[in-house]
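Data file: data_9.txt. Format and content: compact mmCIF, C-alpha atoms.
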```txt
# COMPACT_ATOMS: atom_id res chain seq x y z
CA MET A 1 6.48 -15.80 11.86
CA VAL A 2 4.37 -14.33 9.05
CA ARG A 3 1.11 -16.12 8.24
CA HIS A 4 -0.28 -16.31 4.72
CA ILE A 5 -4.05 -15.97 4.80
CA GLU A 6 -6.81 -15.43 2.26
CA VAL A 7 -10.00 -13.40 2.24
CA ILE A 8 -12.78 -13.05 -0.30
CA GLY A 9 -13.18 -9.50 -1.52
CA ALA A 10 -15.76 -7.67 -3.58
CA GLN A 11 -17.21 -9.57 -6.55
CA GLY A 12 -15.87 -12.82 -5.06
CA THR A 13 -12.24 -11.86 -5.74
CA ARG A 14 -9.71 -13.99 -3.86
CA LEU A 15 -7.26 -11.78 -1.99
CA ALA A 16 -3.97 -12.82 -0.43
CA ALA A 17 -2.90 -11.21 2.81
CA TRP A 18 0.02 -11.47 5.21
CA ASP A 19 -0.43 -11.40 8.95
CA PHE A 20 2.74 -9.99 10.50
CA THR A 21 1.39 -10.13 14.05
CA GLY A 22 4.08 -10.99 16.57
CA SER A 23 6.82 -11.00 13.91
CA THR A 24 10.06 -9.30 14.92
CA ALA A 25 12.27 -10.88 12.26
CA SER A 26 14.81 -8.87 10.30
CA THR A 27 13.41 -7.19 7.21
CA GLU A 28 16.52 -7.21 5.09
CA SER A 29 15.47 -8.15 1.60
CA ALA A 30 16.40 -11.59 0.32
CA GLY A 31 14.94 -11.17 -3.15
CA PRO A 32 11.60 -10.58 -4.81
CA ALA A 33 8.60 -11.64 -2.79
CA ALA A 34 7.35 -13.71 -5.71
CA SER A 35 9.97 -16.32 -4.96
CA ALA A 36 8.99 -16.68 -1.34
CA GLY A 37 6.31 -14.11 -0.49
CA PRO A 38 6.95 -11.62 2.27
CA ALA A 39 8.97 -14.32 4.03
CA ALA A 40 11.85 -13.07 1.92
CA SER A 41 11.94 -9.99 4.09
CA ALA A 42 10.03 -10.81 7.23
CA GLY A 43 10.83 -14.32 8.44
CA PRO A 44 9.10 -17.73 8.08
CA VAL A 45 5.64 -18.06 6.59
CA ALA A 46 2.88 -20.34 7.77
CA SER A 47 -0.17 -20.76 5.58
CA ALA A 48 -3.49 -20.39 7.35
CA GLY A 49 -5.83 -20.88 4.39
CA PRO A 50 -8.95 -18.82 3.77
CA VAL A 51 -9.98 -16.74 6.75
CA ALA A 52 -13.66 -17.13 5.95
CA SER A 53 -13.59 -20.84 6.77
CA ALA A 54 -11.88 -20.32 10.13
CA GLY A 55 -14.16 -17.54 11.38
CA PRO A 56 -13.18 -14.15 12.80
CA VAL A 57 -10.10 -13.97 14.96
CA PRO A 58 -10.61 -11.29 17.63
CA SER A 59 -7.29 -9.61 18.27
CA PRO A 60 -7.66 -5.87 18.70
CA PRO A 61 -6.18 -3.41 18.11
CA GLY A 62 -5.92 -4.16 14.40
CA VAL A 63 -3.90 -2.44 11.69
CA LEU A 64 -4.64 -3.00 7.99
CA LEU A 65 -1.85 -1.97 5.60
CA LEU A 66 -2.83 -1.08 2.02
CA HIS A 67 -0.06 -0.73 -0.57
CA GLY A 68 -0.03 1.66 -3.49
CA LEU A 69 -0.23 1.16 -7.22
CA LEU A 70 2.33 -1.47 -8.43
CA GLY A 71 3.01 -2.59 -4.83
CA ARG A 72 2.31 -5.72 -2.85
CA ALA A 73 1.84 -6.69 0.79
CA SER A 74 5.49 -7.61 1.32
CA THR A 75 6.60 -4.01 0.78
CA TRP A 76 5.10 -3.20 4.18
CA ALA A 77 7.45 -5.62 5.95
CA PRO A 78 10.07 -3.01 6.99
CA ALA A 79 7.35 -0.91 8.64
CA ALA A 80 5.34 -3.87 9.95
CA ARG A 81 8.17 -5.01 12.20
CA PHE A 82 7.49 -1.95 14.37
CA LEU A 83 3.74 -2.51 14.46
CA ALA A 84 3.51 -6.29 14.75
CA PRO A 85 4.63 -6.72 18.39
CA HIS A 86 1.74 -4.56 19.63
CA HIS A 87 -1.01 -4.76 17.00
CA ARG A 88 -2.73 -7.31 14.81
CA THR A 89 -0.89 -6.22 11.68
CA VAL A 90 -2.17 -7.44 8.32
CA ALA A 91 -1.11 -6.31 4.83
CA LEU A 92 -3.33 -6.97 1.84
CA ASP A 93 -2.25 -7.83 -1.70
CA GLN A 94 -4.78 -5.65 -3.51
CA ARG A 95 -6.59 -7.07 -6.54
CA GLY A 96 -4.38 -7.34 -9.59
CA HIS A 97 -1.23 -7.32 -7.45
CA GLY A 98 0.97 -9.93 -5.80
CA ASP A 99 -0.72 -13.24 -5.01
CA SER A 100 -4.30 -11.94 -5.23
CA ASP A 101 -6.61 -12.64 -8.15
CA ARG A 102 -6.14 -10.61 -11.33
CA PRO A 103 -9.58 -10.20 -12.92
CA ALA A 104 -9.45 -9.73 -16.67
CA GLU A 105 -12.17 -7.08 -16.98
CA PRO A 106 -11.02 -3.45 -16.61
CA SER A 107 -14.26 -2.70 -14.75
CA ALA A 108 -13.06 -4.94 -11.92
CA TYR A 109 -10.49 -2.30 -10.93
CA SER A 110 -12.88 0.45 -9.91
CA LEU A 111 -12.27 2.43 -6.77
CA GLU A 112 -15.42 0.97 -5.25
CA ALA A 113 -14.10 -2.55 -5.84
CA HIS A 114 -10.90 -1.72 -3.94
CA VAL A 115 -12.90 -0.18 -1.10
CA GLY A 116 -15.12 -3.26 -1.03
CA ASP A 117 -12.06 -5.49 -0.79
CA ALA A 118 -10.70 -3.63 2.25
CA GLU A 119 -14.13 -3.66 3.86
CA ALA A 120 -14.45 -7.42 3.33
CA ALA A 121 -10.95 -8.03 4.69
CA LEU A 122 -11.67 -6.18 7.94
CA GLU A 123 -14.97 -7.99 8.41
CA GLN A 124 -13.59 -11.45 7.71
CA LEU A 125 -10.51 -10.88 9.85
CA GLY A 126 -12.63 -9.60 12.73
CA ALA A 127 -10.09 -6.77 12.98
CA GLY A 128 -12.37 -3.75 13.11
CA PRO A 129 -12.46 -1.09 14.26
CA ALA A 130 -8.90 -0.95 12.95
CA VAL A 131 -6.30 1.61 12.05
CA LEU A 132 -6.03 1.85 8.25
CA VAL A 133 -2.58 2.72 6.92
CA GLY A 134 -2.48 3.41 3.21
CA HIS A 135 0.13 4.46 0.68
CA GLY A 136 -0.75 5.92 -2.72
CA MET A 137 -3.79 4.18 -4.14
CA GLY A 138 -4.12 2.29 -0.85
CA ALA A 139 -4.50 5.55 1.08
CA LEU A 140 -7.33 6.69 -1.17
CA THR A 141 -9.01 3.32 -0.65
CA ALA A 142 -8.52 3.72 3.10
CA TRP A 143 -10.07 7.15 3.42
CA ARG A 144 -13.01 6.20 1.21
CA LEU A 145 -13.66 3.22 3.50
CA ALA A 146 -13.24 5.36 6.62
CA ALA A 147 -15.94 7.70 5.30
CA ARG A 148 -18.28 4.86 4.31
CA ARG A 149 -17.83 2.52 7.28
CA PRO A 150 -16.80 4.50 10.37
CA ASP A 151 -17.70 1.48 12.50
CA LEU A 152 -14.78 -0.41 10.93
CA VAL A 153 -12.12 2.31 11.14
CA ARG A 154 -10.64 3.62 14.37
CA ALA A 155 -8.04 5.90 12.80
CA LEU A 156 -6.41 6.59 9.44
CA VAL A 157 -2.81 7.13 8.31
CA VAL A 158 -2.38 8.58 4.80
CA CYS A 159 1.13 8.20 3.36
CA ASP A 160 2.33 10.51 0.56
CA THR A 161 -0.96 10.59 -1.33
CA ARG A 162 -2.53 13.53 -3.13
CA ALA A 163 -6.21 14.48 -2.89
CA ALA A 164 -6.04 16.63 -6.03
CA ALA A 165 -6.77 15.14 -9.44
CA LEU A 166 -3.58 13.91 -11.11
CA GLY A 167 -4.96 14.43 -14.60
CA GLY A 168 -4.53 12.85 -18.01
CA ALA A 169 -0.90 13.95 -18.41
CA ALA A 170 0.08 12.01 -15.28
CA ARG A 171 -1.77 8.97 -16.62
CA GLU A 172 0.11 9.07 -19.91
CA GLU A 173 3.41 9.56 -18.13
CA GLN A 174 2.73 6.45 -16.06
CA ARG A 175 1.93 4.45 -19.21
CA ARG A 176 5.13 5.57 -20.94
CA TRP A 177 7.16 4.66 -17.89
CA LEU A 178 5.65 1.17 -17.67
CA ASP A 179 6.33 0.66 -21.38
CA SER A 180 9.97 1.68 -20.89
CA TRP A 181 10.78 -1.23 -18.57
CA PRO A 182 13.35 -3.53 -20.28
CA LEU A 183 11.34 -6.72 -19.73
CA PRO A 184 12.01 -9.42 -18.89
CA PHE A 185 14.77 -8.79 -16.39
CA ALA A 186 17.50 -11.42 -16.38
CA SER A 187 17.66 -11.45 -12.58
CA PRO A 188 16.45 -9.55 -9.52
CA ASP A 189 19.85 -7.85 -9.36
CA ALA A 190 19.42 -6.59 -12.91
CA ALA A 191 16.07 -5.14 -11.93
CA ARG A 192 17.58 -3.48 -8.85
CA ARG A 193 20.22 -1.83 -10.98
CA TRP A 194 17.75 -0.58 -13.56
CA PHE A 195 15.18 0.82 -11.11
CA GLY A 196 17.77 2.12 -8.67
CA GLU A 197 20.42 3.48 -11.06
CA GLN A 198 19.70 3.19 -14.80
CA ASP A 199 16.06 4.26 -15.17
CA PRO A 200 16.17 7.49 -17.26
CA SER A 201 13.40 8.97 -15.12
CA LEU A 202 15.67 8.97 -12.05
CA GLU A 203 17.20 12.26 -10.98
CA ARG A 204 19.80 10.48 -8.83
CA PRO A 205 20.53 6.88 -7.77
CA CYS A 206 18.07 5.44 -5.25
CA PRO A 207 18.91 1.94 -3.96
CA ALA A 208 15.66 1.68 -1.99
CA ARG A 209 13.70 2.23 -5.19
CA GLY A 210 15.66 -0.57 -6.84
CA ASP A 211 14.96 -2.93 -3.95
CA PHE A 212 11.27 -2.00 -3.91
CA HIS A 213 10.64 -2.68 -7.58
CA ALA A 214 12.73 -5.85 -7.62
CA GLU A 215 10.48 -7.15 -4.86
CA LEU A 216 7.46 -6.81 -7.14
CA LEU A 217 8.75 -9.27 -9.74
CA GLU A 218 7.83 -12.90 -10.30
CA ARG A 219 9.88 -15.55 -12.05
CA ARG A 220 8.72 -17.02 -15.35
CA PRO A 221 10.52 -19.39 -17.74
CA ASP A 222 12.02 -16.53 -19.77
CA GLY A 223 13.00 -14.22 -16.89
CA TRP A 224 11.56 -11.90 -14.25
CA TRP A 225 8.31 -10.02 -14.87
CA PRO A 226 6.14 -7.66 -12.79
CA GLY A 227 3.54 -9.32 -10.62
CA PHE A 228 0.75 -7.35 -12.26
CA SER A 229 -0.60 -6.52 -15.70
CA PRO A 230 0.22 -3.00 -16.95
CA ASP A 231 -3.30 -2.86 -18.44
CA HIS A 232 -4.80 -3.62 -15.03
CA VAL A 233 -2.60 -0.93 -13.49
CA MET A 234 -3.91 1.60 -15.97
CA ALA A 235 -7.50 0.51 -15.31
CA THR A 236 -6.90 1.08 -11.60
CA LEU A 237 -5.33 4.46 -12.28
CA ASP A 238 -8.31 5.47 -14.43
CA ALA A 239 -10.56 4.94 -11.41
CA TRP A 240 -9.06 7.90 -9.55
CA VAL A 241 -6.65 9.91 -11.69
CA TYR A 242 -9.25 12.22 -13.25
CA ASP A 243 -11.13 13.14 -10.07
CA ALA A 244 -10.23 15.12 -6.98
CA HIS A 245 -11.05 13.51 -3.64
CA TRP A 246 -11.45 16.41 -1.24
CA ASP A 247 -15.11 15.63 -0.58
CA ASP A 248 -14.20 12.13 0.56
CA LEU A 249 -11.62 13.53 2.99
CA ALA A 250 -14.21 15.88 4.47
CA GLN A 251 -16.43 12.89 5.29
CA VAL A 252 -13.80 10.98 7.32
CA PRO A 253 -15.01 11.16 10.94
CA CYS A 254 -12.08 9.39 12.63
CA PRO A 255 -8.70 10.86 13.62
CA ALA A 256 -6.43 11.00 10.55
CA LEU A 257 -2.72 11.61 10.08
CA VAL A 258 -1.32 12.86 6.77
CA VAL A 259 2.32 11.78 6.46
CA ARG A 260 4.52 13.36 3.84
CA GLY A 261 7.99 12.44 2.64
CA VAL A 262 9.83 15.74 2.29
CA ASP A 263 11.16 14.60 -1.12
CA GLY A 264 7.95 12.78 -2.07
CA GLN A 265 5.09 13.52 -4.45
CA LEU A 266 2.82 15.28 -1.95
CA GLY A 267 3.71 18.94 -1.51
CA ARG A 268 3.58 20.61 1.88
CA ALA A 269 0.84 23.07 0.91
CA GLU A 270 -1.46 20.33 -0.40
CA ALA A 271 -0.73 18.12 2.61
CA GLN A 272 -1.64 20.90 5.00
CA GLU A 273 -4.82 21.60 3.05
CA MET A 274 -5.72 17.92 3.37
CA VAL A 275 -5.24 18.23 7.13
CA ARG A 276 -7.50 21.29 7.17
CA VAL A 277 -10.23 19.50 5.20
CA LEU A 278 -10.14 16.40 7.40
CA PRO A 279 -12.45 16.93 10.40
CA ARG A 280 -9.81 15.51 12.77
CA GLY A 281 -6.67 15.83 10.68
CA ARG A 282 -3.03 16.01 11.79
CA TYR A 283 0.22 16.37 9.91
CA ALA A 284 3.64 14.70 10.06
CA GLU A 285 6.59 14.59 7.71
CA VAL A 286 9.62 12.34 7.27
CA PRO A 287 12.83 14.31 6.56
CA GLY A 288 14.87 13.04 3.64
CA ALA A 289 12.21 10.54 2.56
CA GLY A 290 10.79 10.16 -0.93
CA PRO A 291 7.44 8.67 -1.96
CA LEU A 292 8.44 5.21 -0.65
CA LEU A 293 8.83 6.62 2.86
CA HIS A 294 7.59 3.54 4.76
CA TYR A 295 9.90 1.28 2.73
CA GLY A 296 13.02 3.36 2.23
CA GLN A 297 12.97 5.07 5.64
CA PRO A 298 10.96 2.73 7.92
CA ASP A 299 12.61 3.89 11.15
CA ALA A 300 11.93 7.56 10.44
CA TRP A 301 8.43 6.71 9.16
CA TYR A 302 7.57 4.93 12.38
CA ALA A 303 8.98 7.76 14.47
CA ALA A 304 6.60 10.10 12.63
CA VAL A 305 3.49 7.94 13.08
CA ALA A 306 4.16 6.36 16.51
CA PRO A 307 2.71 9.19 18.64
CA PHE A 308 -0.50 9.15 16.59
CA LEU A 309 -0.78 5.37 16.81
CA ALA A 310 -0.17 5.41 20.55
CA GLU A 311 -3.02 7.88 20.94
CA HIS A 312 -5.55 6.30 18.62
CA SER A 313 -4.88 2.59 18.13
CA LEU A 314 -5.88 1.36 21.59
CA PRO A 315 -9.31 -0.19 22.06
CA ALA A 316 -11.99 2.22 23.17
CA PRO A 317 -12.77 1.99 26.90
CA SER A 318 -15.86 -0.02 27.79
CA HIS A 319 -18.81 1.69 29.43
```

What would you get if you wrote out this structure as structure tokens?
Amino acid sequence: MVRHIEVIGAQGTRLAAWDFTGSTASTESAGPAASAGPAASAGPVASAGPVASAGPVPSPPGVLLLHGLLGRASTWAPAARFLAPHHRTVALDQRGHGDSDRPAEPSAYSLEAHVGDAEAALEQLGAGPAVLVGHGMGALTAWRLAARRPDLVRALVVCDTRAAALGGAAREEQRRWLDSWPLPFASPDAARRWFGEQDPSLERPCPARGDFHAELLERRPDGWWPGFSPDHVMATLDAWVYDAHWDDLAQVPCPALVVRGVDGQLGRAEAQEMVRVLPRGRYAEVPGAGPLLHYGQPDAWYAAVAPFLAEHSLPAPSH
């Protein structure tokens, strides 16, 4: 069973989260999470209300999963089924995404606000020191938090995320791509076809990509729309696209694993440089995987991260 919980993040932002702990249900997609939350791909959901009112729930070792730009907590379900039987496994809908609040002000999407949200989630869940697993924007949030609050972070897993500055050209490319979406979609299947087969930016068909983006949609009276505002996405991107983040990596004191999809966005040379910069860095790659490695290739992803987790996710021995 997957529990729906809430935490209060930075600036009082209400954040939705999904506790996969103990869930071993099938993760075959049954449609966009907006219609049923991550239950669509990870079994029944029980609502637990705001965590802050119930107090901390001690259940180490904890794992906090942070999705990337455009994502939502439910996209971690295929990977969470491997983690949940042995860890307190929680995925956060980051601000502006999924069922979390969507503040109107662009300033609410700063990198520090995202880091503050993850920090608040760990404290309210009583899950620290936890393993942080981040993809894309979520990985950058994770390593910034690991550097700032080493008491909350036991280990770090960085999935297909660059430390180098992406630059203004990448920002404009992202904006053009968002503007090219043929919204609204008539159905989730129509979205799957467009993202997985018809999108002009695709080099070749990718069914997993279609499934992933269809899961991000929510139903409205006139059709299916993304569960985020493109303007909020761009505000989030502005918070980190122009800057490099090597200095933040160098300040991460905990063990860290950089995981790269061989066909993803992170090149091998940059990934290995990230490992060198990290004080306790290690490297793993997932053959045949693209940027959505934990979603499109969850079995291979887990095989790549399992040895690291086995070594670093157990509670520290008492003295």

Which polymer residues, protein or nucleic acid, are no farther than 9 Å from (-4.9, 2.3, -3.5), counting all atoms listed in the file, as a PDB file with C-alpha atoms, in the frame of the given file?
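Listed below is the output, selection_38.pdb:
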```pdb
ATOM      1  CA  LEU A  66      -2.830  -1.080   2.020  1.00  0.00           C
ATOM      2  CA  HIS A  67      -0.060  -0.730  -0.570  1.00  0.00           C
ATOM      3  CA  GLY A  68      -0.030   1.660  -3.490  1.00  0.00           C
ATOM      4  CA  LEU A  69      -0.230   1.160  -7.220  1.00  0.00           C
ATOM      5  CA  GLN A  94      -4.780  -5.650  -3.510  1.00  0.00           C
ATOM      6  CA  LEU A 111     -12.270   2.430  -6.770  1.00  0.00           C
ATOM      7  CA  HIS A 114     -10.900  -1.720  -3.940  1.00  0.00           C
ATOM      8  CA  VAL A 115     -12.900  -0.180  -1.100  1.00  0.00           C
ATOM      9  CA  GLY A 134      -2.480   3.410   3.210  1.00  0.00           C
ATOM     10  CA  HIS A 135       0.130   4.460   0.680  1.00  0.00           C
ATOM     11  CA  GLY A 136      -0.750   5.920  -2.720  1.00  0.00           C
ATOM     12  CA  MET A 137      -3.790   4.180  -4.140  1.00  0.00           C
ATOM     13  CA  GLY A 138      -4.120   2.290  -0.850  1.00  0.00           C
ATOM     14  CA  ALA A 139      -4.500   5.550   1.080  1.00  0.00           C
ATOM     15  CA  LEU A 140      -7.330   6.690  -1.170  1.00  0.00           C
ATOM     16  CA  THR A 141      -9.010   3.320  -0.650  1.00  0.00           C
ATOM     17  CA  ALA A 142      -8.520   3.720   3.100  1.00  0.00           C
ATOM     18  CA  THR A 236      -6.900   1.080 -11.600  1.00  0.00           C
TER      19      THR A 236
END
```

Within 6 Å of segment 184-193 of chain A, counting only C-alpha atoms, which residues show up once you throw out same-chain ones fewer than 5 positions away? Write them as a PyMOL selection string, please. chain A and resi 210-211+214+223-225

One decimal, Å: what's the distance from atom CA of Asp248 of chain A over to atom CA of Ala163 of chain A, could you say?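 Separating atom CA of Asp248 of chain A from atom CA of Ala163 of chain A is a distance of 9.0 Å.
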
Which residue out of A:Leu156, A:Ala169, A:Leu292, A:Leu237 has the minimum interatomic distance to Asp263 of chain A when all atoms listed in the file are used?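 Under the stated criterion, the closest residue is A:Leu292.
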
Kindly provide, as a ChimeraX atom specification, the polymer residues lying within 12 Å of (9.1, 5.7, 1.4), counting only C-alpha atoms and using the coordinates exactly as they appear in the file. /A:67-68,75-76,78-79,134-136,159-161,206-209,211-212,259-266,285-302

Have a look at A:Leu15, A:Ala235, A:Val258, A:Val133 and name the one nearest to Ser313 of chain A; count only C-alpha atoms.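 Among the listed residues, A:Val133 lies closest to Ser313 of chain A.
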
Pick from A:Ala104, A:Leu83, A:Leu309, A:Leu125: nearest to Glu6 of chain A, with only C-alpha atoms counted? A:Leu125

Considering all atoms listed in the file, return as a list in words whatever protein or nucleic-acid residues lie within 9 Å of Trp181 of chain A, sequence-local ones (same chain, fewer than 3 positions apart) excluded.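 Surrounding residues, per the criterion: Trp177, Leu178, Pro184, Phe185, Trp194, Phe195 and Asp199 of chain A.
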
Would you mind telling me which residue in A:Glu105, A:Glu218, A:Glu112, A:Asp238 lies nearest to Arg171 of chain A when using all atoms listed in the file?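 Under the stated criterion, the closest residue is A:Asp238.
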
Residue completion, segment 78-88 of chain A, all heavy atoms, as a PDB file, in the frame of the given file:
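Output file selection-v2.pdb is given in full below:
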```
ATOM      1  N   PRO A  78       9.173  -3.832   6.159  1.00  0.00           N
ATOM      2  CA  PRO A  78      10.070  -3.010   6.990  1.00  0.00           C
ATOM      3  C   PRO A  78       9.322  -2.188   8.035  1.00  0.00           C
ATOM      4  O   PRO A  78       9.819  -2.013   9.155  1.00  0.00           O
ATOM      5  CB  PRO A  78      10.751  -2.098   5.954  1.00  0.00           C
ATOM      6  CG  PRO A  78      10.677  -2.851   4.669  1.00  0.00           C
ATOM      7  CD  PRO A  78       9.358  -3.561   4.715  1.00  0.00           C
ATOM      8  N   ALA A  79       8.139  -1.685   7.689  1.00  0.00           N
ATOM      9  CA  ALA A  79       7.350  -0.910   8.640  1.00  0.00           C
ATOM     10  C   ALA A  79       6.596  -1.816   9.608  1.00  0.00           C
ATOM     11  O   ALA A  79       6.424  -1.480  10.790  1.00  0.00           O
ATOM     12  CB  ALA A  79       6.369  -0.008   7.896  1.00  0.00           C
ATOM     13  N   ALA A  80       6.156  -2.979   9.123  1.00  0.00           N
ATOM     14  CA  ALA A  80       5.340  -3.870   9.950  1.00  0.00           C
ATOM     15  C   ALA A  80       6.095  -4.393  11.149  1.00  0.00           C
ATOM     16  O   ALA A  80       5.489  -4.722  12.170  1.00  0.00           O
ATOM     17  CB  ALA A  80       4.822  -5.035   9.098  1.00  0.00           C
ATOM     18  N   ARG A  81       7.414  -4.471  11.060  1.00  0.00           N
ATOM     19  CA  ARG A  81       8.170  -5.010  12.200  1.00  0.00           C
ATOM     20  C   ARG A  81       8.022  -4.119  13.431  1.00  0.00           C
ATOM     21  O   ARG A  81       8.174  -4.583  14.558  1.00  0.00           O
ATOM     22  CB  ARG A  81       9.634  -5.191  11.826  1.00  0.00           C
ATOM     23  CG  ARG A  81      10.494  -3.948  11.867  1.00  0.00           C
ATOM     24  CD  ARG A  81      11.945  -4.332  11.543  1.00  0.00           C
ATOM     25  NE  ARG A  81      12.877  -3.238  11.780  1.00  0.00           N
ATOM     26  CZ  ARG A  81      13.230  -2.324  10.884  1.00  0.00           C
ATOM     27  NH1 ARG A  81      12.692  -2.380   9.670  1.00  0.00           N
ATOM     28  NH2 ARG A  81      14.097  -1.389  11.184  1.00  0.00           N
ATOM     29  N   PHE A  82       7.720  -2.832  13.237  1.00  0.00           N
ATOM     30  CA  PHE A  82       7.490  -1.950  14.370  1.00  0.00           C
ATOM     31  C   PHE A  82       6.080  -2.114  14.934  1.00  0.00           C
ATOM     32  O   PHE A  82       5.854  -1.944  16.128  1.00  0.00           O
ATOM     33  CB  PHE A  82       7.678  -0.483  13.940  1.00  0.00           C
ATOM     34  CG  PHE A  82       9.078  -0.126  13.552  1.00  0.00           C
ATOM     35  CD1 PHE A  82       9.410   0.097  12.224  1.00  0.00           C
ATOM     36  CD2 PHE A  82      10.082  -0.009  14.510  1.00  0.00           C
ATOM     37  CE1 PHE A  82      10.701   0.432  11.860  1.00  0.00           C
ATOM     38  CE2 PHE A  82      11.376   0.328  14.145  1.00  0.00           C
ATOM     39  CZ  PHE A  82      11.689   0.547  12.822  1.00  0.00           C
ATOM     40  N   LEU A  83       5.134  -2.429  14.068  1.00  0.00           N
ATOM     41  CA  LEU A  83       3.740  -2.510  14.460  1.00  0.00           C
ATOM     42  C   LEU A  83       3.364  -3.868  15.031  1.00  0.00           C
ATOM     43  O   LEU A  83       2.542  -3.961  15.951  1.00  0.00           O
ATOM     44  CB  LEU A  83       2.848  -2.216  13.245  1.00  0.00           C
ATOM     45  CG  LEU A  83       3.078  -0.887  12.525  1.00  0.00           C
ATOM     46  CD1 LEU A  83       2.279  -0.856  11.220  1.00  0.00           C
ATOM     47  CD2 LEU A  83       2.678   0.276  13.412  1.00  0.00           C
ATOM     48  N   ALA A  84       3.961  -4.925  14.476  1.00  0.00           N
ATOM     49  CA  ALA A  84       3.510  -6.290  14.750  1.00  0.00           C
ATOM     50  C   ALA A  84       3.597  -6.709  16.213  1.00  0.00           C
ATOM     51  O   ALA A  84       2.750  -7.484  16.673  1.00  0.00           O
ATOM     52  CB  ALA A  84       4.293  -7.267  13.874  1.00  0.00           C
ATOM     53  N   PRO A  85       4.590  -6.264  16.991  1.00  0.00           N
ATOM     54  CA  PRO A  85       4.630  -6.720  18.390  1.00  0.00           C
ATOM     55  C   PRO A  85       3.462  -6.233  19.231  1.00  0.00           C
ATOM     56  O   PRO A  85       3.182  -6.809  20.289  1.00  0.00           O
ATOM     57  CB  PRO A  85       5.960  -6.145  18.895  1.00  0.00           C
ATOM     58  CG  PRO A  85       6.792  -5.946  17.678  1.00  0.00           C
ATOM     59  CD  PRO A  85       5.815  -5.528  16.627  1.00  0.00           C
ATOM     60  N   HIS A  86       2.763  -5.179  18.794  1.00  0.00           N
ATOM     61  CA  HIS A  86       1.740  -4.560  19.630  1.00  0.00           C
ATOM     62  C   HIS A  86       0.361  -4.484  18.991  1.00  0.00           C
ATOM     63  O   HIS A  86      -0.591  -4.051  19.641  1.00  0.00           O
ATOM     64  CB  HIS A  86       2.187  -3.144  20.014  1.00  0.00           C
ATOM     65  CG  HIS A  86       3.568  -3.084  20.572  1.00  0.00           C
ATOM     66  ND1 HIS A  86       3.910  -3.643  21.787  1.00  0.00           N
ATOM     67  CD2 HIS A  86       4.720  -2.568  20.060  1.00  0.00           C
ATOM     68  CE1 HIS A  86       5.205  -3.452  22.023  1.00  0.00           C
ATOM     69  NE2 HIS A  86       5.710  -2.811  20.981  1.00  0.00           N
ATOM     70  N   HIS A  87       0.251  -4.864  17.714  1.00  0.00           N
ATOM     71  CA  HIS A  87      -1.010  -4.760  17.000  1.00  0.00           C
ATOM     72  C   HIS A  87      -1.214  -6.009  16.147  1.00  0.00           C
ATOM     73  O   HIS A  87      -0.256  -6.669  15.759  1.00  0.00           O
ATOM     74  CB  HIS A  87      -1.024  -3.552  16.054  1.00  0.00           C
ATOM     75  CG  HIS A  87      -0.723  -2.243  16.716  1.00  0.00           C
ATOM     76  ND1 HIS A  87       0.559  -1.822  16.992  1.00  0.00           N
ATOM     77  CD2 HIS A  87      -1.541  -1.266  17.158  1.00  0.00           C
ATOM     78  CE1 HIS A  87       0.517  -0.634  17.567  1.00  0.00           C
ATOM     79  NE2 HIS A  87      -0.731  -0.272  17.676  1.00  0.00           N
ATOM     80  N   ARG A  88      -2.463  -6.312  15.850  1.00  0.00           N
ATOM     81  CA  ARG A  88      -2.730  -7.310  14.810  1.00  0.00           C
ATOM     82  C   ARG A  88      -2.470  -6.619  13.486  1.00  0.00           C
ATOM     83  O   ARG A  88      -3.248  -5.763  13.045  1.00  0.00           O
ATOM     84  CB  ARG A  88      -4.181  -7.789  14.861  1.00  0.00           C
ATOM     85  CG  ARG A  88      -4.433  -8.769  13.686  1.00  0.00           C
ATOM     86  CD  ARG A  88      -5.134 -10.001  14.127  1.00  0.00           C
ATOM     87  NE  ARG A  88      -5.032 -11.007  13.074  1.00  0.00           N
ATOM     88  CZ  ARG A  88      -6.072 -11.543  12.470  1.00  0.00           C
ATOM     89  NH1 ARG A  88      -7.285 -11.185  12.798  1.00  0.00           N
ATOM     90  NH2 ARG A  88      -5.890 -12.474  11.553  1.00  0.00           N
TER      91      ARG A  88
END
```
